[in-house]
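*Asks:* The structure under discussion is supplied below as structure tokens; questions concerning it will follow.
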Amino acid sequence: MISASIGSNIDRETHVRICLDALAGTFASLAVSRVFESEPVGFEDGRNFFNLVVAFESDWSVGELQAWCKRLEFANGRRKESPKFSPRTLDIDLLTVGDLIGEHDGVALPRGEILHHAFVLKPLAELLPEARHPRDGRTYGELWASFDAPDQRLWPVGFSWQAQAVR
């Protein structure tokens, strides 16, 4: 099972839908969390994000998965030269690839943001509450239950994709 986070703070609804369509058309067994709106963390621009997590099956290598994600980001207006904390049309980050730990094809797994950002952990815990963090060993549900970051506000938003409400 592969998990990935998706974020957007430019034309959020459009870019999240495009991303979900691409994922569903490429990978098997796509599961989608609820969509959350969150305040930007570390950004000068105050535009809120839409964030969610997806899980899917694939036999692709980490490098192939990462390259696919980057191609989709760039196809949707993301620029390689953009500053790190700048607005973005689409941001896709691999969170976990099975139980892999460490750097694989230049990607650190599991992604560190899982343990530090509510906008990653909350949707991951809702989508895969019984799955275990490969390094920490606790379930995502347990990690969320013990998460303490009151300054990281997020809230679910009504969102539909392919004529269905997302969770």
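Each chain in the structure tokens gets a letter, A, B and so on, in the order shown; residues start at 1 in every chain, and ligands are counted from 1 in the order they appear.
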Mind checking DSSP for stretch 35-159 of chain A and telling me the strand (DSSP E or B) residues as a count of residues only?

*Replies:* 30

*Asks:* Do you know which residues are at most 7 Å from A:Pro134 counting only C-alpha atoms, after dropping those on the same chain fewer than 3 positions away, and could you put them as a PDB file with N, CA and C atoms, in the first residue's frame?

*Replies:*
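This went into out19.pdb:
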ATOM      1  N   ASP A  99       6.285  -0.809   3.751  1.00  0.00           N
ATOM      2  CA  ASP A  99       6.982  -0.626   5.025  1.00  0.00           C
ATOM      3  C   ASP A  99       8.400  -0.096   4.836  1.00  0.00           C
ATOM      4  N   LEU A 100       8.679   0.503   3.689  1.00  0.00           N
ATOM      5  CA  LEU A 100      10.031   0.994   3.416  1.00  0.00           C
ATOM      6  C   LEU A 100      10.435   2.074   4.419  1.00  0.00           C
ATOM      7  N   ILE A 101      11.680   1.988   4.845  1.00  0.00           N
ATOM      8  CA  ILE A 101      12.271   2.969   5.761  1.00  0.00           C
ATOM      9  C   ILE A 101      13.605   3.395   5.163  1.00  0.00           C
ATOM     10  N   PRO A 110       9.496   6.680   5.890  1.00  0.00           N
ATOM     11  CA  PRO A 110       8.252   7.416   5.680  1.00  0.00           C
ATOM     12  C   PRO A 110       8.515   8.921   5.772  1.00  0.00           C
ATOM     13  N   GLY A 137       5.931   2.627  14.678  1.00  0.00           N
ATOM     14  CA  GLY A 137       5.262   1.409  15.107  1.00  0.00           C
ATOM     15  C   GLY A 137       3.838   1.592  15.601  1.00  0.00           C
TER      16      GLY A 137
END

*Asks:* Excluding same-chain residues fewer than 6 positions from stretch 130-132 of chain A, what lies within 9 Å of it counting only C-alpha atoms, as a list in words?

*Replies:*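 Here the answer would be Asp99, Arg138, Thr139, Tyr140, Gly141 and Glu142 of chain A.
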
*Asks:* Suppose you want the space between atom CA of A:Ser38 and atom CA of A:Phe50; what is it in Å?

*Replies:*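 Pair atom CA of A:Ser38 / atom CA of A:Phe50 returns 6.5 Å.
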
*Asks:* Can you tell me, as a compact mmCIF listing (two decimals) with C-alpha atoms, in the first residue's frame, what residues are no more than 8 Å from A:Lys122 when counting only C-alpha atoms, ignoring any on the same chain fewer than 4 positions away?

*Replies:*
# COMPACT_ATOMS: atom_id res chain seq x y z
CA ALA A 118 -1.91 17.93 11.38
CA GLU A 126 -8.95 8.81 9.20
CA TRP A 144 -3.47 11.26 15.86

*Asks:* When you draw a straight line from atom CA of A:Arg78 to atom CA of A:Pro40, how long is it in Å?

*Replies:* 17.1 Å

*Asks:* Just checking: using only C-alpha atoms, which residue out of A:Ile2, A:Arg79, A:Ser86, A:Ile92 ends up closest to A:Ser61?

*Replies:*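 The answer is A:Ile2, which sits nearest to A:Ser61.
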
*Asks:* For the atom pair atom CA of A:Lys80 and atom CA of A:Gln66, what is the interatomic distance in Å to one decimal place?

*Replies:*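 Spanning atom CA of A:Lys80 to atom CA of A:Gln66 is a straight-line distance of 14.2 Å.
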
*Asks:* Using only C-alpha atoms, which residue out of A:Ser3, A:Gln152, A:Gln162, A:Thr96 lies closest to A:Glu39?

*Replies:*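 Of A:Ser3, A:Gln152, A:Gln162, A:Thr96, the one nearest A:Glu39, counting only C-alpha atoms, is A:Gln152.
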